[in-house]
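Data first, discussion second: the structure below is written as C-alpha cells.
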Amino acid sequence: MLVIFAGCSQPSNPSNKIILWHWMTDRNDTFLKLAQQYKQETGIEVVVQLFAPSDSYSQKIIAAAQANVLPDIYGILDKKSIVADFIKAGLAADLTDAMEAEGGKWRNSLFDKALADRRFDAGNIYGVKPGIYGVPIDVTNEQMLYNKKLLSKAGIKAPPKTFDEFIKDAQVLKRVGITPFVSGWGELWLLDCFASNYAFNIMGEDKIFATYRGEVKYTDPDWIKVFNVFAQLRDKGVLIDGIVTKGNKYAEQDFALERAAFSFNGSWCVNVYHDMNPNLDYGVFPPPPISEAHPLKIWGDAGSTFVVNAGSPNKDKAIAFLKWLTAQDQQVVLARQTNNLPSNKQAISVISPILGEFAKGMDQSTHPNIWPLNEDPSVAEAFDKGIQDIIIGEKTPQQVAQDVQKVKDSQSLKGNH
Amino acid sequence: MNQKVKAAAIFKDNLQNFCFVLPAFAIFCIFYIYPFYKMINLSFYDWRGIGPMHFIALQNYKELLGDHLWWDSIWHAGYITLIALTFQNALAFALALACDREIRMKRFYRVVFFIPPVLSEVVVGLIWNWILNPELQNGQYIGLLNHLLYSSGFPQLVHNWLGDPKTALTTIAIVNSWKGFGWGFIMLLAGLQTIDKQLYEAAKIDGAGAWKTFTNVTVPMMLPVILVVVILTILGCMQVFVLILALVNEGLVHHTDVPVTRIFSAMQNTNRFGYACALAVNFGFILVCISFMTKRLSDKAKQV
C-alpha cells in the first residue's frame, strides 16, 4: 500500500530525467526518436509518455492536477479559461523570461499567432499575471479542401471564390452524381469553427464579442444570416447524408476515398490523407465568403502546445528541452515526419506544397484562445446543437436563434458572462 | 486471572481477524467509499475541475430538476432499456431454449451468439456505422442495409437511419440489443441446464403440453435467472455510452442523449464538474430505485 502511495507523490528532487505527457499518437515515434537524440546530446533523459485519445488525456490531466502529480512537461487541451485555472493553481510556469532571453531569440523564432494561444496579456479577463505560459510545437488551421479530379470531372476549373459560387459548384457536382461536401460535424467544435468563420465574415469581431458580452442578441439579423448559411447548405443539398453524426475520422475517409468533392478540415489532414490515399490530388482554399462587409477569418493557432509544470524540480531542464524541440533542426524533423505545420518560422521552408497552401491561411487566422472573451460553454453548446437542428430540418434559423438567446438569458441571470 | 487470559485471547483473536480484513477494508474505503463520498460532496459545489470551489448547497439539484435535456436523456435510456428488456431478452430466451434442445451444431450456435457481446462497443459501432451508412456513391448505397433494401426491390425503405430523429434512437436501441443479447443468452442457457429433467418428464406424464410445460415448469424455475438478466439488462442499458459515441459521436442534436452522455458533456464540454456530480448522484439514485422495484416485483411474482 505504501508503495502505491509513494508512487503517487510528485518527485521533489531535481534529476536528469524529464517526464513528458502527450496525446499525439501520430507524433509519438518522432518524439521518442528526438528524446533519444536529446539524451545523446545532453545526457538528460526525456521520458515520453503517450495517453490517447485526447478526451481521456484531458481527463487525466485534470485528475493529475487535482492530485498534484503532473509531469514536468504536459499539454492542456482545454479552453483558455481552464488554462488560466492551471496557471493560477501554480501548475504552469511563466516562460516569458526564457522566451525574452538573448533579445527575445526564442520568442522571435516562433509564429506569433501560435504563441498567442498560451499568452496572457496585461488586463486579461482571466486575472492571470501577464506572460507566455506555453510552447507551441506546431501550428494548425482549418480550411476548405477540394478534390481536383472530381472538380475537373464536373467541369469546374477552379475552387469557388464566393459562397454563391460554392453553392453553384455544388449543384453542378450533384448533377454528375458527386457528393459536394463532407465534414466531421458530428464533432461540435468543427461545426462551431465553420459557423464562426461566417460570423466573422457577416458581422465582424466587434459584434461577435458584443454578443458574448450580452449587448447583442442572437436574434439579431446578422446572427440569423449565420444560421441561414446552414439552412442554404441543407436546402441546396450540398451536405453529405448523415453529416451531423459523422465523426471527423469518417469524414476524412470520405474525402480521401474521393466520395466528396469539398471538405472542411484542419491542416493535420495532410498526414491523414497521405496515409489513407497517397495519390489523392487536392488543394486548399479558405471558406468562400458570403459577404463583403467584413473579412472572413479562419481558425488557426498552435496545434499542440506544451506547458512546463511550475512546481517541477526540473523546471529549467524542461524549459531547455522545449527550447531545443522548437529549434529549427528539430522542427524540420517534426514537420517532415509528421506532416504538420512547424511552429518555428525558419522550418517552414521544408514543408510540402500542400502544407504551404495551409500556411498561407495563417495570415487571416484567429482562434477562441486568443479572443479577449469566449461565449459561455452552455450557450456555445446550444448554438452548435441548434445548427445541427437546422441541418436536419427540425428548426428554422429564427427558432434556433430564439433557443440560443433563451440559454444566453438564463446564463446571464446566473451571472455567467 | 483466568478471565483476563480469556479476554486477552479473544482480543488477540479479534485483532488478528481485523488485520486480515484491514487491507480489503482499506481498499474498499479508498476506491469505493471515498470517491462516492467525494462525488456527493462535489455535487454541492460550483467547480470547473480545477481552481476554487464555490459551495452552492442544493443549487445544482434545483437546476437539474428543471433541466429538460437531462430528463429527456433518462427517457431515451429508458426507451433503449425497454427495447432490450423485450426484444433483446425475448430473443435471448428463445435462442437459449432452442440451444438447450438436442439440435445439430448447437455448440456452433452458442459460439456465434456469444460473439457480439465479446466485441468492443467501439468495434460494434464501426461495424454498424458501415451497415447503416446512408451515403450514395456512383448510384450504389455504401451502407449494407440500404444497399440490400434497394437491391431487393424496396427502395422506398432506404433511409438515413442514424441521421433522422424519428429513427435514430430506435436504431441505436436495436444495435444495443444485438450487442447485448448474447449475455442474456448465455445466462439463460446456463439457467435452463440447471432445471432438473425429471420435472419435464413428470409434466409430460401428467399430460402437460409444450406451452403448459414452459409456463408451469420452465418459467417458475427460471425466475431467479430471469431476474438477474432483467436487472443486469436495466443497469447495462441505462448506462449505455460508448456505443452511442461510436455510432453518432456527440449525438444527433439531443435526440440520442442518454444520462451518461449528459454527465460527460457537463464535464467535458461545459466544465461543470459540480453539476456533473449532481447528475451522477441523481442517476445513481434512479438506478438503485429501479433495481429495488424490480426485486420487489420479482419477489411478488415468485409468491404468485
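Within each chain, counting starts at residue 1; across the C-alpha cells, chains are named A, B, ... in the order shown, with ligands numbered 1 upward in that order.
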Please, which residues in chain A fall within 9 Å of chain B when counting only C-alpha atoms, and what is the closest atom pair and distance in Å to one decimal for each, ordered by chain then residue number, as JSON lines?
```
{"residue": "A:Met1", "atom": "CA", "partner": "B:Pro23", "partner_atom": "CA", "distance": 8.5}
{"residue": "A:Asp55", "atom": "CA", "partner": "B:Gln268", "partner_atom": "CA", "distance": 8.1}
{"residue": "A:Ser58", "atom": "CA", "partner": "B:Gln268", "partner_atom": "CA", "distance": 8.6}
{"residue": "A:Gln59", "atom": "CA", "partner": "B:Gln268", "partner_atom": "CA", "distance": 8.2}
{"residue": "A:Ile62", "atom": "CA", "partner": "B:Gly49", "partner_atom": "CA", "distance": 6.5}
{"residue": "A:Ala63", "atom": "CA", "partner": "B:Gly49", "partner_atom": "CA", "distance": 8.3}
{"residue": "A:Ala65", "atom": "CA", "partner": "B:Ile50", "partner_atom": "CA", "distance": 7.4}
{"residue": "A:Gln66", "atom": "CA", "partner": "B:Ile50", "partner_atom": "CA", "distance": 6.8}
{"residue": "A:Ile82", "atom": "CA", "partner": "B:Ile50", "partner_atom": "CA", "distance": 7.5}
{"residue": "A:Asp85", "atom": "CA", "partner": "B:Gly51", "partner_atom": "CA", "distance": 5.4}
{"residue": "A:Phe86", "atom": "CA", "partner": "B:Ile50", "partner_atom": "CA", "distance": 7.0}
{"residue": "A:Lys88", "atom": "CA", "partner": "B:Gly51", "partner_atom": "CA", "distance": 7.3}
{"residue": "A:Ala89", "atom": "CA", "partner": "B:Gly51", "partner_atom": "CA", "distance": 6.2}
{"residue": "A:Gly177", "atom": "CA", "partner": "B:Asn138", "partner_atom": "CA", "distance": 6.4}
{"residue": "A:Ile178", "atom": "CA", "partner": "B:Gln137", "partner_atom": "CA", "distance": 7.5}
{"residue": "A:Thr179", "atom": "CA", "partner": "B:Gln137", "partner_atom": "CA", "distance": 7.8}
{"residue": "A:Gly186", "atom": "CA", "partner": "B:Asn249", "partner_atom": "CA", "distance": 5.5}
{"residue": "A:Glu187", "atom": "CA", "partner": "B:Glu250", "partner_atom": "CA", "distance": 6.1}
{"residue": "A:Leu188", "atom": "CA", "partner": "B:Glu250", "partner_atom": "CA", "distance": 7.1}
{"residue": "A:Ile240", "atom": "CA", "partner": "B:Glu135", "partner_atom": "CA", "distance": 7.1}
{"residue": "A:Asp241", "atom": "CA", "partner": "B:Glu135", "partner_atom": "CA", "distance": 5.8}
{"residue": "A:Gly242", "atom": "CA", "partner": "B:Gly163", "partner_atom": "CA", "distance": 5.0}
{"residue": "A:Ile243", "atom": "CA", "partner": "B:Gly163", "partner_atom": "CA", "distance": 7.9}
{"residue": "A:Val244", "atom": "CA", "partner": "B:Leu252", "partner_atom": "CA", "distance": 6.4}
{"residue": "A:Thr245", "atom": "CA", "partner": "B:Val248", "partner_atom": "CA", "distance": 4.6}
{"residue": "A:Lys246", "atom": "CA", "partner": "B:Val248", "partner_atom": "CA", "distance": 6.7}
{"residue": "A:Gly247", "atom": "CA", "partner": "B:Asn249", "partner_atom": "CA", "distance": 6.0}
{"residue": "A:Arg259", "atom": "CA", "partner": "B:Gln137", "partner_atom": "CA", "distance": 6.7}
{"residue": "A:Asp376", "atom": "CA", "partner": "B:Thr270", "partner_atom": "CA", "distance": 8.1}
{"residue": "A:Pro377", "atom": "CA", "partner": "B:Thr270", "partner_atom": "CA", "distance": 4.9}
{"residue": "A:Ser378", "atom": "CA", "partner": "B:Thr270", "partner_atom": "CA", "distance": 6.1}
{"residue": "A:Ala380", "atom": "CA", "partner": "B:Thr270", "partner_atom": "CA", "distance": 8.9}
{"residue": "A:Glu381", "atom": "CA", "partner": "B:Asn269", "partner_atom": "CA", "distance": 7.7}
{"residue": "A:Asp384", "atom": "CA", "partner": "B:Val253", "partner_atom": "CA", "distance": 8.5}
{"residue": "A:Lys385", "atom": "CA", "partner": "B:Val253", "partner_atom": "CA", "distance": 5.0}
{"residue": "A:Gly386", "atom": "CA", "partner": "B:Val253", "partner_atom": "CA", "distance": 7.3}
{"residue": "A:Ile387", "atom": "CA", "partner": "B:Val253", "partner_atom": "CA", "distance": 8.6}
{"residue": "A:Gln388", "atom": "CA", "partner": "B:Val253", "partner_atom": "CA", "distance": 5.8}
{"residue": "A:Asp389", "atom": "CA", "partner": "B:Val253", "partner_atom": "CA", "distance": 6.2}
{"residue": "A:Ile392", "atom": "CA", "partner": "B:Asp164", "partner_atom": "CA", "distance": 7.3}
{"residue": "A:Glu394", "atom": "CA", "partner": "B:Pro165", "partner_atom": "CA", "distance": 8.8}
```
Requested in this report: Please provide as a list in words all residues within 9 Å of Trp47 of chain B, with the sequence filter that same-chain residues fewer than 6 positions apart are discarded (counting only C-alpha atoms).
Outcome: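 The residues that qualify are Met53, His54, Phe55, Asn271, Arg272, Phe273, Gly274 and Tyr275 of chain B.
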Just to be explicit: take each residue in the selection above, keep N, CA and C atoms, and write the result as a PDB file, in the first residue's frame.
```pdb
ATOM      1  N   MET B  53     -13.382  26.295  -5.489  1.00  0.00           N
ATOM      2  CA  MET B  53     -14.697  25.647  -5.459  1.00  0.00           C
ATOM      3  C   MET B  53     -15.634  26.548  -4.668  1.00  0.00           C
ATOM      4  N   HIS B  54     -16.834  26.726  -5.203  1.00  0.00           N
ATOM      5  CA  HIS B  54     -17.805  27.583  -4.507  1.00  0.00           C
ATOM      6  C   HIS B  54     -18.973  26.730  -4.025  1.00  0.00           C
ATOM      7  N   PHE B  55     -19.198  26.773  -2.710  1.00  0.00           N
ATOM      8  CA  PHE B  55     -20.307  25.992  -2.150  1.00  0.00           C
ATOM      9  C   PHE B  55     -21.630  26.635  -2.560  1.00  0.00           C
ATOM     10  N   ASN B 271     -17.388  22.064 -18.623  1.00  0.00           N
ATOM     11  CA  ASN B 271     -16.501  22.102 -17.451  1.00  0.00           C
ATOM     12  C   ASN B 271     -17.250  22.339 -16.136  1.00  0.00           C
ATOM     13  N   ARG B 272     -18.445  21.763 -16.019  1.00  0.00           N
ATOM     14  CA  ARG B 272     -19.207  21.938 -14.783  1.00  0.00           C
ATOM     15  C   ARG B 272     -19.159  20.627 -13.999  1.00  0.00           C
ATOM     16  N   PHE B 273     -18.073  20.456 -13.269  1.00  0.00           N
ATOM     17  CA  PHE B 273     -17.863  19.198 -12.552  1.00  0.00           C
ATOM     18  C   PHE B 273     -18.889  19.009 -11.435  1.00  0.00           C
ATOM     19  N   GLY B 274     -19.214  20.092 -10.732  1.00  0.00           N
ATOM     20  CA  GLY B 274     -20.189  20.007  -9.645  1.00  0.00           C
ATOM     21  C   GLY B 274     -21.538  19.556 -10.165  1.00  0.00           C
ATOM     22  N   TYR B 275     -21.949  20.155 -11.277  1.00  0.00           N
ATOM     23  CA  TYR B 275     -23.253  19.800 -11.857  1.00  0.00           C
ATOM     24  C   TYR B 275     -23.220  18.359 -12.372  1.00  0.00           C
TER      25      TYR B 275
END
```
Query raised in the report: Leaving out Lys105 of chain A and any residue of its chain fewer than 4 positions from it, which residues lie within 12 Å of it when counting only C-alpha atoms, given as a list in words?
Result: Thr96, Asp97, Ala98, Met99, Glu100, Ala101, Ser109, Leu110, Lys323, Thr326, Ala327 and Asn344 of chain A
Let me see the file: selected residues, N, CA and C atoms, as an mmCIF file, in the first residue's frame.
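This is the output file again21.cif:
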```
data_model
loop_
_atom_site.group_PDB
_atom_site.id
_atom_site.type_symbol
_atom_site.label_atom_id
_atom_site.label_comp_id
_atom_site.auth_asym_id
_atom_site.auth_seq_id
_atom_site.Cartn_x
_atom_site.Cartn_y
_atom_site.Cartn_z
ATOM 1 N N THR A 96 8.064 33.560 -19.906
ATOM 2 C CA THR A 96 8.406 34.834 -20.548
ATOM 3 C C THR A 96 9.913 35.116 -20.481
ATOM 4 N N ASP A 97 10.513 34.919 -19.311
ATOM 5 C CA ASP A 97 11.949 35.228 -19.175
ATOM 6 C C ASP A 97 12.778 34.401 -20.152
ATOM 7 N N ALA A 98 12.461 33.123 -20.250
ATOM 8 C CA ALA A 98 13.213 32.260 -21.171
ATOM 9 C C ALA A 98 12.977 32.685 -22.617
ATOM 10 N N MET A 99 11.762 33.065 -22.929
ATOM 11 C CA MET A 99 11.420 33.479 -24.298
ATOM 12 C C MET A 99 12.129 34.787 -24.666
ATOM 13 N N GLU A 100 12.243 35.680 -23.678
ATOM 14 C CA GLU A 100 12.806 37.013 -23.944
ATOM 15 C C GLU A 100 14.336 37.057 -23.829
ATOM 16 N N ALA A 101 14.938 35.983 -23.331
ATOM 17 C CA ALA A 101 16.402 35.967 -23.182
ATOM 18 C C ALA A 101 17.075 36.146 -24.549
ATOM 19 N N SER A 109 11.674 33.274 -32.877
ATOM 20 C CA SER A 109 11.803 32.159 -33.817
ATOM 21 C C SER A 109 10.448 31.471 -34.071
ATOM 22 N N LEU A 110 9.474 31.755 -33.200
ATOM 23 C CA LEU A 110 8.180 31.056 -33.307
ATOM 24 C C LEU A 110 7.097 31.964 -33.900
ATOM 25 N N LYS A 323 12.958 24.335 -25.620
ATOM 26 C CA LYS A 323 13.683 25.281 -26.475
ATOM 27 C C LYS A 323 14.371 24.504 -27.603
ATOM 28 N N THR A 326 11.859 23.079 -30.206
ATOM 29 C CA THR A 326 11.280 24.048 -31.141
ATOM 30 C C THR A 326 12.354 24.774 -31.960
ATOM 31 N N ALA A 327 13.593 24.321 -31.821
ATOM 32 C CA ALA A 327 14.660 24.902 -32.659
ATOM 33 C C ALA A 327 14.496 24.376 -34.090
ATOM 34 N N ASN A 344 8.161 26.792 -35.748
ATOM 35 C CA ASN A 344 9.355 27.605 -35.972
ATOM 36 C C ASN A 344 9.326 28.173 -37.392
#
```
Report task. Would you kindly return, as number ranges by chain, each protein, DNA or RNA residue with an atom no farther than 12 Å from any atom of Phe87 of chain B, considering only C-alpha atoms and excluding same-chain residues fewer than 4 positions away? Result -> B: 79-83, 91-94, 170, 173-178, 180-181, 184, 233
Mind writing the picked residues with C-alpha atoms as a tab-separated table (two decimals), in the first residue's frame?
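Result went into result-v9.tsv, see below:
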```tsv
chain	number	residue	atom	x	y	z
B	79	TYR	CA	-36.56	3.52	-24.20
B	80	ILE	CA	-33.32	1.71	-25.08
B	81	THR	CA	-33.77	-0.40	-21.93
B	82	LEU	CA	-37.37	-1.20	-22.79
B	83	ILE	CA	-36.35	-2.47	-26.24
B	91	LEU	CA	-34.65	-13.25	-28.48
B	92	ALA	CA	-32.07	-14.42	-25.94
B	93	PHE	CA	-34.61	-16.66	-24.20
B	94	ALA	CA	-35.89	-18.11	-27.47
B	170	THR	CA	-34.67	3.04	-32.17
B	173	ALA	CA	-31.62	0.52	-29.29
B	174	ILE	CA	-31.61	-2.31	-31.86
B	175	VAL	CA	-27.82	-2.20	-32.25
B	176	ASN	CA	-27.54	-2.21	-28.46
B	177	SER	CA	-29.82	-5.27	-28.32
B	178	TRP	CA	-27.76	-7.00	-30.99
B	180	GLY	CA	-26.22	-7.39	-25.65
B	181	PHE	CA	-28.43	-10.40	-26.34
B	184	GLY	CA	-28.72	-12.95	-21.68
B	233	THR	CA	-30.11	-5.51	-18.67
```
**Report entry** Close residues, segment 257-264 of chain B itself excluded, 7 Å, only C-alpha atoms, min 3 positions apart in chain, as a PyMOL selection string
**Finding:** chain B and resi 70+73-74+76-77+239+241+251+254+267-268+276+279-280
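In terms of minimum interatomic distance to Ile127 of chain B, B:Leu144 ranks closest within B:Leu189, B:His159, B:Tyr61, B:Leu144, counting only C-alpha atoms.
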Query raised in the report: atom CA of Ala96 of chain B and atom CA of Ile231 of chain B, how far apart in Å?
Result: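 Going from atom CA of Ile231 of chain B over to atom CA of Ala96 of chain B covers 18.3 Å.
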Query raised in the report: Which one is closest to Ile234 of chain B: B:Val5, B:Ile30, B:Ile142, B:Ala84? Count only C-alpha atoms.
Result: B:Ala84
